[in-house]
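One file, structure26.txt, carrying compact mmCIF, N, CA and C atoms:
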# COMPACT_ATOMS: atom_id res chain seq x y z
N MET N 29 -50.30 -21.13 10.31
CA MET N 29 -49.78 -22.18 9.47
C MET N 29 -48.75 -21.58 8.51
N LYS N 30 -47.59 -22.19 8.46
CA LYS N 30 -46.50 -21.71 7.60
C LYS N 30 -46.81 -21.98 6.14
N ILE N 31 -46.64 -20.95 5.31
CA ILE N 31 -46.73 -21.10 3.87
C ILE N 31 -45.33 -21.10 3.27
N PHE N 32 -44.48 -20.19 3.80
CA PHE N 32 -43.11 -20.10 3.32
C PHE N 32 -42.24 -19.50 4.41
N ASN N 33 -41.04 -20.03 4.55
CA ASN N 33 -40.07 -19.48 5.49
C ASN N 33 -38.68 -19.73 4.91
N GLY N 34 -38.11 -18.70 4.31
CA GLY N 34 -36.79 -18.88 3.71
C GLY N 34 -36.35 -17.64 2.97
N LYS N 35 -35.40 -17.84 2.10
CA LYS N 35 -34.86 -16.74 1.30
C LYS N 35 -35.60 -16.71 -0.03
N TYR N 36 -36.14 -15.55 -0.37
CA TYR N 36 -36.84 -15.35 -1.63
C TYR N 36 -35.93 -14.50 -2.52
N SER N 37 -35.55 -15.02 -3.67
CA SER N 37 -34.60 -14.31 -4.51
C SER N 37 -35.11 -14.16 -5.94
N TRP N 38 -34.51 -13.25 -6.67
CA TRP N 38 -34.85 -13.02 -8.07
C TRP N 38 -33.56 -12.73 -8.82
N ASP N 39 -33.58 -12.99 -10.14
CA ASP N 39 -32.36 -12.86 -10.94
C ASP N 39 -32.27 -11.55 -11.71
N GLY N 40 -33.29 -10.70 -11.66
CA GLY N 40 -33.25 -9.42 -12.35
C GLY N 40 -33.59 -9.50 -13.83
N LYS N 41 -34.14 -10.63 -14.25
CA LYS N 41 -34.51 -10.80 -15.66
C LYS N 41 -36.02 -10.93 -15.80
N LYS N 42 -36.51 -10.63 -16.99
CA LYS N 42 -37.93 -10.71 -17.27
C LYS N 42 -38.30 -12.15 -17.60
N HIS N 43 -39.37 -12.64 -16.97
CA HIS N 43 -39.85 -14.00 -17.21
C HIS N 43 -41.36 -13.97 -17.44
N ASP N 44 -41.83 -14.74 -18.40
CA ASP N 44 -43.28 -14.88 -18.66
C ASP N 44 -43.99 -13.53 -18.77
N ASN N 45 -43.42 -12.61 -19.51
CA ASN N 45 -43.99 -11.27 -19.72
C ASN N 45 -44.23 -10.51 -18.43
N GLN N 46 -43.57 -10.89 -17.37
CA GLN N 46 -43.70 -10.20 -16.09
C GLN N 46 -42.34 -9.57 -15.77
N GLU N 47 -42.37 -8.26 -15.53
CA GLU N 47 -41.13 -7.57 -15.20
C GLU N 47 -40.58 -8.10 -13.88
N PRO N 48 -39.27 -8.07 -13.73
CA PRO N 48 -38.70 -8.54 -12.46
C PRO N 48 -38.99 -7.56 -11.33
N ILE N 49 -38.77 -7.99 -10.13
CA ILE N 49 -38.92 -7.13 -8.96
C ILE N 49 -37.99 -5.93 -9.11
N ALA N 50 -36.78 -6.17 -9.56
CA ALA N 50 -35.80 -5.13 -9.86
C ALA N 50 -34.95 -5.67 -11.02
N TRP N 51 -34.32 -4.79 -11.74
CA TRP N 51 -33.52 -5.21 -12.89
C TRP N 51 -32.14 -5.71 -12.48
N PHE N 52 -31.91 -5.83 -11.21
CA PHE N 52 -30.67 -6.41 -10.69
C PHE N 52 -31.05 -7.52 -9.72
N PRO N 53 -30.24 -8.57 -9.61
CA PRO N 53 -30.57 -9.66 -8.70
C PRO N 53 -30.66 -9.18 -7.25
N GLY N 54 -31.42 -9.92 -6.46
CA GLY N 54 -31.54 -9.60 -5.05
C GLY N 54 -32.20 -10.73 -4.29
N ALA N 55 -32.24 -10.58 -2.98
CA ALA N 55 -32.86 -11.60 -2.13
C ALA N 55 -33.33 -10.96 -0.84
N TYR N 56 -34.41 -11.48 -0.31
CA TYR N 56 -34.97 -11.04 0.97
C TYR N 56 -35.32 -12.26 1.80
N ASN N 57 -35.22 -12.13 3.11
CA ASN N 57 -35.75 -13.15 3.99
C ASN N 57 -37.27 -12.97 3.97
N LEU N 58 -37.99 -14.06 3.85
CA LEU N 58 -39.44 -13.98 3.70
C LEU N 58 -40.12 -15.04 4.56
N LYS N 59 -41.13 -14.58 5.27
CA LYS N 59 -41.96 -15.49 6.06
C LYS N 59 -43.42 -15.18 5.71
N ILE N 60 -44.14 -16.19 5.28
CA ILE N 60 -45.56 -16.03 4.99
C ILE N 60 -46.32 -17.00 5.87
N ILE N 61 -47.25 -16.44 6.64
CA ILE N 61 -48.01 -17.24 7.60
C ILE N 61 -49.49 -17.04 7.33
N SER N 62 -50.24 -18.12 7.28
CA SER N 62 -51.69 -18.05 7.15
C SER N 62 -52.29 -18.05 8.55
N LEU N 63 -53.17 -17.09 8.81
CA LEU N 63 -53.85 -17.03 10.11
C LEU N 63 -55.12 -17.87 10.10
N THR N 64 -55.51 -18.37 8.95
CA THR N 64 -56.71 -19.20 8.83
C THR N 64 -56.55 -20.46 9.65
N GLY N 65 -57.53 -20.76 10.44
CA GLY N 65 -57.49 -21.94 11.28
C GLY N 65 -56.94 -21.66 12.66
N THR N 66 -56.35 -20.47 12.86
CA THR N 66 -55.81 -20.14 14.17
C THR N 66 -56.82 -19.34 15.00
N GLU N 67 -57.84 -18.81 14.33
CA GLU N 67 -58.82 -18.00 15.05
C GLU N 67 -60.00 -18.87 15.51
N SER N 68 -60.74 -18.36 16.46
CA SER N 68 -61.93 -19.08 16.89
C SER N 68 -62.97 -18.97 15.78
N SER N 69 -64.01 -19.73 15.87
CA SER N 69 -65.03 -19.73 14.83
C SER N 69 -65.76 -18.40 14.73
N LYS N 70 -65.65 -17.56 15.76
CA LYS N 70 -66.33 -16.27 15.74
C LYS N 70 -65.49 -15.14 15.15
N VAL N 71 -64.20 -15.38 14.95
CA VAL N 71 -63.31 -14.33 14.47
C VAL N 71 -62.83 -14.66 13.06
N ARG N 72 -62.93 -13.66 12.19
CA ARG N 72 -62.39 -13.79 10.83
C ARG N 72 -61.49 -12.60 10.58
N TYR N 73 -60.28 -12.88 10.13
CA TYR N 73 -59.33 -11.81 9.85
C TYR N 73 -59.65 -11.17 8.50
N LEU N 74 -59.58 -9.85 8.45
CA LEU N 74 -59.73 -9.14 7.18
C LEU N 74 -58.52 -9.41 6.29
N LYS N 75 -57.38 -9.62 6.93
CA LYS N 75 -56.15 -9.96 6.22
C LYS N 75 -55.65 -11.29 6.80
N PRO N 76 -56.05 -12.39 6.17
CA PRO N 76 -55.73 -13.71 6.74
C PRO N 76 -54.29 -14.18 6.54
N TYR N 77 -53.46 -13.38 5.90
CA TYR N 77 -52.06 -13.74 5.70
C TYR N 77 -51.17 -12.65 6.28
N VAL N 78 -50.04 -13.07 6.84
CA VAL N 78 -49.02 -12.15 7.32
C VAL N 78 -47.77 -12.45 6.51
N CYS N 79 -47.23 -11.41 5.87
CA CYS N 79 -46.01 -11.55 5.09
C CYS N 79 -44.96 -10.65 5.73
N VAL N 80 -43.93 -11.26 6.33
CA VAL N 80 -42.86 -10.53 6.99
C VAL N 80 -41.61 -10.68 6.13
N PHE N 81 -41.06 -9.54 5.72
CA PHE N 81 -39.87 -9.59 4.89
C PHE N 81 -38.79 -8.68 5.47
N SER N 82 -37.54 -9.09 5.26
CA SER N 82 -36.41 -8.31 5.74
C SER N 82 -35.24 -8.44 4.77
N ALA N 83 -34.43 -7.40 4.74
CA ALA N 83 -33.29 -7.37 3.83
C ALA N 83 -32.24 -8.40 4.24
N THR N 84 -31.62 -8.99 3.24
CA THR N 84 -30.52 -9.91 3.47
C THR N 84 -29.18 -9.23 3.25
N GLY N 85 -29.21 -8.07 2.60
CA GLY N 85 -27.97 -7.40 2.22
C GLY N 85 -27.46 -7.87 0.87
N GLU N 86 -28.20 -8.77 0.25
CA GLU N 86 -27.83 -9.29 -1.06
C GLU N 86 -28.64 -8.58 -2.14
N GLY N 87 -27.99 -7.87 -3.02
CA GLY N 87 -28.67 -7.22 -4.13
C GLY N 87 -29.38 -5.94 -3.72
N VAL N 88 -30.34 -5.56 -4.55
CA VAL N 88 -31.04 -4.29 -4.36
C VAL N 88 -32.12 -4.40 -3.29
N SER N 89 -32.47 -3.25 -2.73
CA SER N 89 -33.51 -3.18 -1.70
C SER N 89 -34.86 -2.95 -2.37
N VAL N 90 -35.88 -3.61 -1.87
CA VAL N 90 -37.24 -3.39 -2.36
C VAL N 90 -37.97 -2.39 -1.48
N SER N 91 -37.30 -1.92 -0.46
CA SER N 91 -37.91 -1.02 0.51
C SER N 91 -38.43 0.26 -0.12
N ALA N 92 -37.73 0.78 -1.12
CA ALA N 92 -38.13 2.03 -1.75
C ALA N 92 -39.34 1.84 -2.67
N ASN N 93 -39.50 0.66 -3.25
CA ASN N 93 -40.62 0.39 -4.16
C ASN N 93 -41.12 -1.04 -3.95
N PRO N 94 -41.90 -1.26 -2.90
CA PRO N 94 -42.31 -2.64 -2.58
C PRO N 94 -43.46 -3.19 -3.43
N GLU N 95 -44.05 -2.38 -4.32
CA GLU N 95 -45.22 -2.84 -5.08
C GLU N 95 -44.90 -4.05 -5.96
N LYS N 96 -43.82 -3.99 -6.74
CA LYS N 96 -43.47 -5.13 -7.60
C LYS N 96 -43.16 -6.36 -6.77
N PHE N 97 -42.47 -6.16 -5.66
CA PHE N 97 -42.16 -7.27 -4.75
C PHE N 97 -43.44 -7.94 -4.28
N ALA N 98 -44.40 -7.15 -3.81
CA ALA N 98 -45.66 -7.69 -3.31
C ALA N 98 -46.44 -8.40 -4.42
N LYS N 99 -46.45 -7.83 -5.60
CA LYS N 99 -47.17 -8.46 -6.72
C LYS N 99 -46.55 -9.81 -7.08
N HIS N 100 -45.21 -9.90 -7.05
CA HIS N 100 -44.55 -11.18 -7.33
C HIS N 100 -44.86 -12.21 -6.25
N ILE N 101 -44.83 -11.78 -5.00
CA ILE N 101 -45.14 -12.70 -3.90
C ILE N 101 -46.56 -13.23 -4.07
N CYS N 102 -47.49 -12.33 -4.35
CA CYS N 102 -48.89 -12.74 -4.51
C CYS N 102 -49.06 -13.69 -5.68
N SER N 103 -48.37 -13.42 -6.77
CA SER N 103 -48.44 -14.30 -7.94
C SER N 103 -47.84 -15.67 -7.63
N ASP N 104 -46.70 -15.71 -6.98
CA ASP N 104 -46.01 -16.97 -6.69
C ASP N 104 -46.73 -17.82 -5.64
N PHE N 105 -47.45 -17.17 -4.71
CA PHE N 105 -48.08 -17.91 -3.62
C PHE N 105 -49.61 -17.85 -3.66
N SER N 106 -50.17 -17.41 -4.79
CA SER N 106 -51.63 -17.37 -5.01
C SER N 106 -52.36 -16.64 -3.89
N MET N 107 -51.94 -15.40 -3.65
CA MET N 107 -52.59 -14.58 -2.63
C MET N 107 -53.09 -13.29 -3.27
N ASP N 108 -54.05 -12.67 -2.62
CA ASP N 108 -54.58 -11.37 -3.03
C ASP N 108 -53.86 -10.30 -2.22
N ILE N 109 -53.27 -9.32 -2.88
CA ILE N 109 -52.48 -8.28 -2.22
C ILE N 109 -53.28 -7.57 -1.12
N ASP N 110 -54.59 -7.47 -1.29
CA ASP N 110 -55.45 -6.80 -0.30
C ASP N 110 -55.73 -7.65 0.92
N LYS N 111 -55.41 -8.92 0.88
CA LYS N 111 -55.69 -9.85 1.99
C LYS N 111 -54.45 -10.21 2.78
N VAL N 112 -53.39 -9.41 2.62
CA VAL N 112 -52.12 -9.70 3.27
C VAL N 112 -51.73 -8.52 4.16
N LEU N 113 -51.29 -8.83 5.37
CA LEU N 113 -50.68 -7.83 6.24
C LEU N 113 -49.20 -7.82 5.90
N TRP N 114 -48.75 -6.76 5.21
CA TRP N 114 -47.38 -6.65 4.73
C TRP N 114 -46.53 -5.99 5.81
N VAL N 115 -45.48 -6.67 6.22
CA VAL N 115 -44.66 -6.21 7.34
C VAL N 115 -43.19 -6.24 6.94
N GLU N 116 -42.54 -5.08 7.01
CA GLU N 116 -41.09 -5.07 6.83
C GLU N 116 -40.47 -5.14 8.21
N ASP N 117 -39.63 -6.13 8.42
CA ASP N 117 -38.96 -6.33 9.69
C ASP N 117 -37.64 -5.56 9.65
N LEU N 118 -37.57 -4.49 10.43
CA LEU N 118 -36.38 -3.64 10.46
C LEU N 118 -35.36 -4.14 11.47
N GLN N 119 -35.59 -5.26 12.05
CA GLN N 119 -34.76 -6.04 12.98
C GLN N 119 -34.10 -5.25 14.09
N ASN N 120 -33.19 -4.36 13.83
CA ASN N 120 -32.46 -3.68 14.90
C ASN N 120 -33.06 -2.33 15.27
N ASP N 121 -34.14 -1.95 14.63
CA ASP N 121 -34.78 -0.68 14.91
C ASP N 121 -35.65 -0.80 16.16
N PRO N 122 -35.74 0.24 16.99
CA PRO N 122 -36.61 0.18 18.18
C PRO N 122 -38.08 -0.10 17.81
N ASP N 123 -38.54 0.48 16.72
CA ASP N 123 -39.87 0.16 16.19
C ASP N 123 -39.65 -0.87 15.09
N ARG N 124 -39.52 -2.11 15.50
CA ARG N 124 -39.06 -3.18 14.62
C ARG N 124 -39.92 -3.41 13.40
N PHE N 125 -41.24 -3.33 13.54
CA PHE N 125 -42.14 -3.69 12.44
C PHE N 125 -42.72 -2.45 11.77
N GLU N 126 -42.58 -2.40 10.46
CA GLU N 126 -43.15 -1.32 9.66
C GLU N 126 -44.20 -1.94 8.75
N ILE N 127 -45.40 -1.42 8.80
CA ILE N 127 -46.51 -1.92 7.98
C ILE N 127 -46.50 -1.21 6.65
N VAL N 128 -46.63 -1.98 5.58
CA VAL N 128 -46.70 -1.42 4.23
C VAL N 128 -48.14 -1.60 3.77
N VAL N 129 -48.80 -0.47 3.47
CA VAL N 129 -50.21 -0.48 3.09
C VAL N 129 -50.31 -0.17 1.60
N PHE N 130 -51.00 -1.04 0.87
CA PHE N 130 -51.22 -0.85 -0.56
C PHE N 130 -52.68 -0.43 -0.76
N THR N 131 -52.88 0.74 -1.35
CA THR N 131 -54.22 1.24 -1.64
C THR N 131 -54.38 1.31 -3.15
N ARG N 132 -55.35 0.58 -3.66
CA ARG N 132 -55.59 0.54 -5.09
C ARG N 132 -56.00 1.93 -5.59
N THR N 133 -55.30 2.42 -6.62
CA THR N 133 -55.60 3.76 -7.15
C THR N 133 -56.18 3.74 -8.55
N SER N 134 -55.73 2.82 -9.39
CA SER N 134 -56.23 2.79 -10.76
C SER N 134 -56.01 1.42 -11.37
N LYS N 135 -56.55 1.27 -12.57
CA LYS N 135 -56.45 0.00 -13.28
C LYS N 135 -56.21 0.28 -14.76
N LEU N 136 -55.32 -0.48 -15.36
CA LEU N 136 -55.07 -0.41 -16.79
C LEU N 136 -55.10 -1.83 -17.32
N GLY N 137 -56.12 -2.16 -18.06
CA GLY N 137 -56.29 -3.53 -18.51
C GLY N 137 -56.53 -4.44 -17.31
N ASP N 138 -55.69 -5.44 -17.14
CA ASP N 138 -55.81 -6.35 -16.00
C ASP N 138 -54.88 -5.96 -14.85
N SER N 139 -54.13 -4.88 -15.03
CA SER N 139 -53.16 -4.48 -14.02
C SER N 139 -53.70 -3.39 -13.11
N PHE N 140 -53.50 -3.58 -11.81
CA PHE N 140 -53.87 -2.57 -10.83
C PHE N 140 -52.62 -1.81 -10.41
N PHE N 141 -52.83 -0.55 -10.06
CA PHE N 141 -51.75 0.28 -9.56
C PHE N 141 -52.11 0.70 -8.14
N TYR N 142 -51.09 0.86 -7.32
CA TYR N 142 -51.30 1.10 -5.90
C TYR N 142 -50.53 2.31 -5.40
N HIS N 143 -51.12 2.98 -4.45
CA HIS N 143 -50.41 3.98 -3.66
C HIS N 143 -49.83 3.22 -2.47
N VAL N 144 -48.56 3.44 -2.19
CA VAL N 144 -47.89 2.72 -1.11
C VAL N 144 -47.62 3.68 0.04
N GLU N 145 -48.01 3.25 1.23
CA GLU N 145 -47.76 4.04 2.44
C GLU N 145 -47.15 3.14 3.49
N LYS N 146 -46.17 3.66 4.20
CA LYS N 146 -45.54 2.90 5.28
C LYS N 146 -45.84 3.60 6.59
N ARG N 147 -46.03 2.77 7.63
CA ARG N 147 -46.32 3.33 8.96
C ARG N 147 -45.86 2.35 10.02
N ARG N 148 -45.75 2.85 11.25
CA ARG N 148 -45.42 1.98 12.37
C ARG N 148 -46.57 1.02 12.63
N ALA N 149 -46.24 -0.15 13.08
CA ALA N 149 -47.28 -1.13 13.44
C ALA N 149 -47.95 -0.68 14.74
N ILE N 150 -49.27 -0.82 14.78
CA ILE N 150 -50.00 -0.51 16.01
C ILE N 150 -49.93 -1.73 16.94
N THR N 151 -50.30 -1.54 18.18
CA THR N 151 -50.16 -2.59 19.21
C THR N 151 -50.82 -3.90 18.81
N GLY N 152 -52.03 -3.85 18.30
CA GLY N 152 -52.73 -5.07 17.90
C GLY N 152 -52.01 -5.80 16.78
N GLU N 153 -51.47 -5.05 15.83
CA GLU N 153 -50.72 -5.66 14.72
C GLU N 153 -49.44 -6.31 15.23
N VAL N 154 -48.75 -5.64 16.14
CA VAL N 154 -47.52 -6.20 16.70
C VAL N 154 -47.83 -7.53 17.39
N GLN N 155 -48.94 -7.59 18.12
CA GLN N 155 -49.32 -8.83 18.80
C GLN N 155 -49.58 -9.95 17.79
N ILE N 156 -50.27 -9.64 16.70
CA ILE N 156 -50.55 -10.65 15.67
C ILE N 156 -49.25 -11.11 15.01
N ILE N 157 -48.38 -10.16 14.69
CA ILE N 157 -47.11 -10.48 14.04
C ILE N 157 -46.25 -11.36 14.95
N GLU N 158 -46.11 -10.95 16.20
CA GLU N 158 -45.28 -11.73 17.13
C GLU N 158 -45.85 -13.11 17.38
N LYS N 159 -47.17 -13.22 17.47
CA LYS N 159 -47.80 -14.53 17.65
C LYS N 159 -47.58 -15.42 16.42
N ALA N 160 -47.70 -14.83 15.23
CA ALA N 160 -47.48 -15.59 13.99
C ALA N 160 -46.03 -16.04 13.90
N LEU N 161 -45.09 -15.17 14.22
CA LEU N 161 -43.67 -15.54 14.17
C LEU N 161 -43.32 -16.58 15.23
N ALA N 162 -43.92 -16.47 16.41
CA ALA N 162 -43.68 -17.47 17.46
C ALA N 162 -44.22 -18.83 17.01
N GLY N 163 -45.38 -18.85 16.39
CA GLY N 163 -45.95 -20.09 15.87
C GLY N 163 -45.08 -20.71 14.79
N LEU N 164 -44.43 -19.85 14.02
CA LEU N 164 -43.53 -20.31 12.97
C LEU N 164 -42.30 -20.99 13.60
N GLN N 165 -41.80 -20.45 14.69
CA GLN N 165 -40.64 -21.02 15.38
C GLN N 165 -40.95 -22.38 15.98
N THR N 166 -42.15 -22.53 16.54
CA THR N 166 -42.50 -23.80 17.19
C THR N 166 -42.82 -24.89 16.18
N SER N 167 -43.17 -24.52 14.94
CA SER N 167 -43.53 -25.53 13.94
C SER N 167 -42.31 -26.05 13.19
N GLN N 168 -41.12 -25.51 13.47
CA GLN N 168 -39.93 -25.96 12.75
C GLN N 168 -39.26 -27.12 13.42

File written out as structure tokens:
Amino acid sequence: MKIFNGKYSWDGKKHDNQEPIAWFPGAYNLKIISLTGTESSKVRYLKPYVCVFSATGEGVSVSANPEKFAKHICSDFSMDIDKVLWVEDLQNDPDRFEIVVFTRTSKLGDSFFYHVEKRRAITGEVQIIEKALAGLQTSQ
């Protein structure tokens, strides 16, 4: 089920005591798909959301520091960062999908900090991503 499919942009300014994704404006293509309701009654996904993002070439890249980007997405779409399969779509790369893994490392007040690791998508993840993207195409 589609949650969002479009261009996600930011102006580089601080709003509501929340730092911007970057201090310069930017935009990314963003697709958020809920896997809930697509599985049989016997299967439950550990990460029921797939978030696929790709650079538009507009503004700064979040690829080097995706934590703020992910936190903003989760805040704007009421998702838990740990329940999302984060996928950077490298489009023209032979290994098209890169998985971004956030591992909680510490907490200060109400804020969590994460270690970020990127890796190639494994076969099962690629199948889930491609199926979610195909479902997004047919629902438009």

Handout entry: Exercise: N:Ile101 partners within 10 Å, only C-alpha atoms, chain neighbours under 5 positions left out, as a PyMOL selection string
Key = chain N and resi 36+49+58+60+79+95-96+106-109

Just the selected residues (N, CA and C atoms), exported as a PDB file, keeping the file's coordinate frame, please.
ATOM      1  N   TYR N  36     -36.140 -15.550  -0.370  1.00  0.00           N
ATOM      2  CA  TYR N  36     -36.840 -15.350  -1.630  1.00  0.00           C
ATOM      3  C   TYR N  36     -35.930 -14.500  -2.520  1.00  0.00           C
ATOM      4  N   ILE N  49     -38.770  -7.990 -10.130  1.00  0.00           N
ATOM      5  CA  ILE N  49     -38.920  -7.130  -8.960  1.00  0.00           C
ATOM      6  C   ILE N  49     -37.990  -5.930  -9.110  1.00  0.00           C
ATOM      7  N   LEU N  58     -37.990 -14.060   3.850  1.00  0.00           N
ATOM      8  CA  LEU N  58     -39.440 -13.980   3.700  1.00  0.00           C
ATOM      9  C   LEU N  58     -40.120 -15.040   4.560  1.00  0.00           C
ATOM     10  N   ILE N  60     -44.140 -16.190   5.280  1.00  0.00           N
ATOM     11  CA  ILE N  60     -45.560 -16.030   4.990  1.00  0.00           C
ATOM     12  C   ILE N  60     -46.320 -17.000   5.870  1.00  0.00           C
ATOM     13  N   CYS N  79     -47.230 -11.410   5.870  1.00  0.00           N
ATOM     14  CA  CYS N  79     -46.010 -11.550   5.090  1.00  0.00           C
ATOM     15  C   CYS N  79     -44.960 -10.650   5.730  1.00  0.00           C
ATOM     16  N   GLU N  95     -44.050  -2.380  -4.320  1.00  0.00           N
ATOM     17  CA  GLU N  95     -45.220  -2.840  -5.080  1.00  0.00           C
ATOM     18  C   GLU N  95     -44.900  -4.050  -5.960  1.00  0.00           C
ATOM     19  N   LYS N  96     -43.820  -3.990  -6.740  1.00  0.00           N
ATOM     20  CA  LYS N  96     -43.470  -5.130  -7.600  1.00  0.00           C
ATOM     21  C   LYS N  96     -43.160  -6.360  -6.770  1.00  0.00           C
ATOM     22  N   SER N 106     -50.170 -17.410  -4.790  1.00  0.00           N
ATOM     23  CA  SER N 106     -51.630 -17.370  -5.010  1.00  0.00           C
ATOM     24  C   SER N 106     -52.360 -16.640  -3.890  1.00  0.00           C
ATOM     25  N   MET N 107     -51.940 -15.400  -3.650  1.00  0.00           N
ATOM     26  CA  MET N 107     -52.590 -14.580  -2.630  1.00  0.00           C
ATOM     27  C   MET N 107     -53.090 -13.290  -3.270  1.00  0.00           C
ATOM     28  N   ASP N 108     -54.050 -12.670  -2.620  1.00  0.00           N
ATOM     29  CA  ASP N 108     -54.580 -11.370  -3.030  1.00  0.00           C
ATOM     30  C   ASP N 108     -53.860 -10.300  -2.220  1.00  0.00           C
ATOM     31  N   ILE N 109     -53.270  -9.320  -2.880  1.00  0.00           N
ATOM     32  CA  ILE N 109     -52.480  -8.280  -2.220  1.00  0.00           C
ATOM     33  C   ILE N 109     -53.280  -7.570  -1.120  1.00  0.00           C
TER      34      ILE N 109
END

Completion exercise
Closest of N:Trp38, N:Phe105, N:Phe140, N:Tyr56 to N:Ala83, counting all atoms listed in the file, is N:Tyr56

Mind checking DSSP for stretch 33-165 of chain N and telling me the helix (DSSP H, G or I) residues as a short mmCIF file (atom, residue, chain, number, x, y, z; two decimals) with N, CA and C atoms, keeping the file's coordinate frame?
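Written file, part-v3.cif:
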data_model
loop_
_atom_site.label_atom_id
_atom_site.label_comp_id
_atom_site.auth_asym_id
_atom_site.auth_seq_id
_atom_site.Cartn_x
_atom_site.Cartn_y
_atom_site.Cartn_z
N PRO N 94 -41.90 -1.26 -2.90
CA PRO N 94 -42.31 -2.64 -2.58
C PRO N 94 -43.46 -3.19 -3.43
N GLU N 95 -44.05 -2.38 -4.32
CA GLU N 95 -45.22 -2.84 -5.08
C GLU N 95 -44.90 -4.05 -5.96
N LYS N 96 -43.82 -3.99 -6.74
CA LYS N 96 -43.47 -5.13 -7.60
C LYS N 96 -43.16 -6.36 -6.77
N PHE N 97 -42.47 -6.16 -5.66
CA PHE N 97 -42.16 -7.27 -4.75
C PHE N 97 -43.44 -7.94 -4.28
N ALA N 98 -44.40 -7.15 -3.81
CA ALA N 98 -45.66 -7.69 -3.31
C ALA N 98 -46.44 -8.40 -4.42
N LYS N 99 -46.45 -7.83 -5.60
CA LYS N 99 -47.17 -8.46 -6.72
C LYS N 99 -46.55 -9.81 -7.08
N HIS N 100 -45.21 -9.90 -7.05
CA HIS N 100 -44.55 -11.18 -7.33
C HIS N 100 -44.86 -12.21 -6.25
N ILE N 101 -44.83 -11.78 -5.00
CA ILE N 101 -45.14 -12.70 -3.90
C ILE N 101 -46.56 -13.23 -4.07
N CYS N 102 -47.49 -12.33 -4.35
CA CYS N 102 -48.89 -12.74 -4.51
C CYS N 102 -49.06 -13.69 -5.68
N SER N 103 -48.37 -13.42 -6.77
CA SER N 103 -48.44 -14.30 -7.94
C SER N 103 -47.84 -15.67 -7.63
N ASP N 104 -46.70 -15.71 -6.98
CA ASP N 104 -46.01 -16.97 -6.69
C ASP N 104 -46.73 -17.82 -5.64
N PHE N 105 -47.45 -17.17 -4.71
CA PHE N 105 -48.08 -17.91 -3.62
C PHE N 105 -49.61 -17.85 -3.66
N ILE N 109 -53.27 -9.32 -2.88
CA ILE N 109 -52.48 -8.28 -2.22
C ILE N 109 -53.28 -7.57 -1.12
N ASP N 110 -54.59 -7.47 -1.29
CA ASP N 110 -55.45 -6.80 -0.30
C ASP N 110 -55.73 -7.65 0.92
N LYS N 111 -55.41 -8.92 0.88
CA LYS N 111 -55.69 -9.85 1.99
C LYS N 111 -54.45 -10.21 2.78
N THR N 151 -50.30 -1.54 18.18
CA THR N 151 -50.16 -2.59 19.21
C THR N 151 -50.82 -3.90 18.81
N GLY N 152 -52.03 -3.85 18.30
CA GLY N 152 -52.73 -5.07 17.90
C GLY N 152 -52.01 -5.80 16.78
N GLU N 153 -51.47 -5.05 15.83
CA GLU N 153 -50.72 -5.66 14.72
C GLU N 153 -49.44 -6.31 15.23
N VAL N 154 -48.75 -5.64 16.14
CA VAL N 154 -47.52 -6.20 16.70
C VAL N 154 -47.83 -7.53 17.39
N GLN N 155 -48.94 -7.59 18.12
CA GLN N 155 -49.32 -8.83 18.80
C GLN N 155 -49.58 -9.95 17.79
N ILE N 156 -50.27 -9.64 16.70
CA ILE N 156 -50.55 -10.65 15.67
C ILE N 156 -49.25 -11.11 15.01
N ILE N 157 -48.38 -10.16 14.69
CA ILE N 157 -47.11 -10.48 14.04
C ILE N 157 -46.25 -11.36 14.95
N GLU N 158 -46.11 -10.95 16.20
CA GLU N 158 -45.28 -11.73 17.13
C GLU N 158 -45.85 -13.11 17.38
N LYS N 159 -47.17 -13.22 17.47
CA LYS N 159 -47.80 -14.53 17.65
C LYS N 159 -47.58 -15.42 16.42
N ALA N 160 -47.70 -14.83 15.23
CA ALA N 160 -47.48 -15.59 13.99
C ALA N 160 -46.03 -16.04 13.90
N LEU N 161 -45.09 -15.17 14.22
CA LEU N 161 -43.67 -15.54 14.17
C LEU N 161 -43.32 -16.58 15.23
N ALA N 162 -43.92 -16.47 16.41
CA ALA N 162 -43.68 -17.47 17.46
C ALA N 162 -44.22 -18.83 17.01
N GLY N 163 -45.38 -18.85 16.39
CA GLY N 163 -45.95 -20.09 15.87
C GLY N 163 -45.08 -20.71 14.79
N LEU N 164 -44.43 -19.85 14.02
CA LEU N 164 -43.53 -20.31 12.97
C LEU N 164 -42.30 -20.99 13.60
N GLN N 165 -41.80 -20.45 14.69
CA GLN N 165 -40.64 -21.02 15.38
C GLN N 165 -40.95 -22.38 15.98
#

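Of the residues listed (N:Glu47, N:Asp117, N:Glu126, N:Asp138), N:Glu126 shows the shortest atom-to-atom separation from N:Ile150; distances use only N, CA and C atoms.
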
Handout entry: Among listed residues N:Lys35, N:Lys30, N:Arg147, N:Lys111, nearest N:Leu161 (using only C-alpha atoms)
Key =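 Comparing N:Lys35, N:Lys30, N:Arg147, N:Lys111 against N:Leu161, the winner is N:Lys30.
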
Taking only C-alpha atoms, show stretch 39-55 of chain N of the given structure as an mmCIF file, in the first residue's frame.
data_model
loop_
_atom_site.group_PDB
_atom_site.id
_atom_site.type_symbol
_atom_site.label_atom_id
_atom_site.label_comp_id
_atom_site.auth_asym_id
_atom_site.auth_seq_id
_atom_site.Cartn_x
_atom_site.Cartn_y
_atom_site.Cartn_z
ATOM 1 C CA ASP N 39 14.408 24.329 2.671
ATOM 2 C CA GLY N 40 17.531 24.108 4.876
ATOM 3 C CA LYS N 41 15.968 26.055 7.740
ATOM 4 C CA LYS N 42 15.186 25.067 11.316
ATOM 5 C CA HIS N 43 11.493 24.483 12.060
ATOM 6 C CA ASP N 44 9.772 23.573 15.353
ATOM 7 C CA ASN N 45 13.081 23.163 17.230
ATOM 8 C CA GLN N 46 14.066 20.420 14.785
ATOM 9 C CA GLU N 47 17.261 20.847 12.811
ATOM 10 C CA PRO N 48 16.895 20.546 9.054
ATOM 11 C CA ILE N 49 18.071 17.511 7.136
ATOM 12 C CA ALA N 50 20.869 19.752 5.837
ATOM 13 C CA TRP N 51 21.524 23.465 6.198
ATOM 14 C CA PHE N 52 21.068 23.882 2.448
ATOM 15 C CA PRO N 53 17.899 23.136 0.460
ATOM 16 C CA GLY N 54 17.561 19.790 -1.255
ATOM 17 C CA ALA N 55 15.180 17.189 -2.603
#
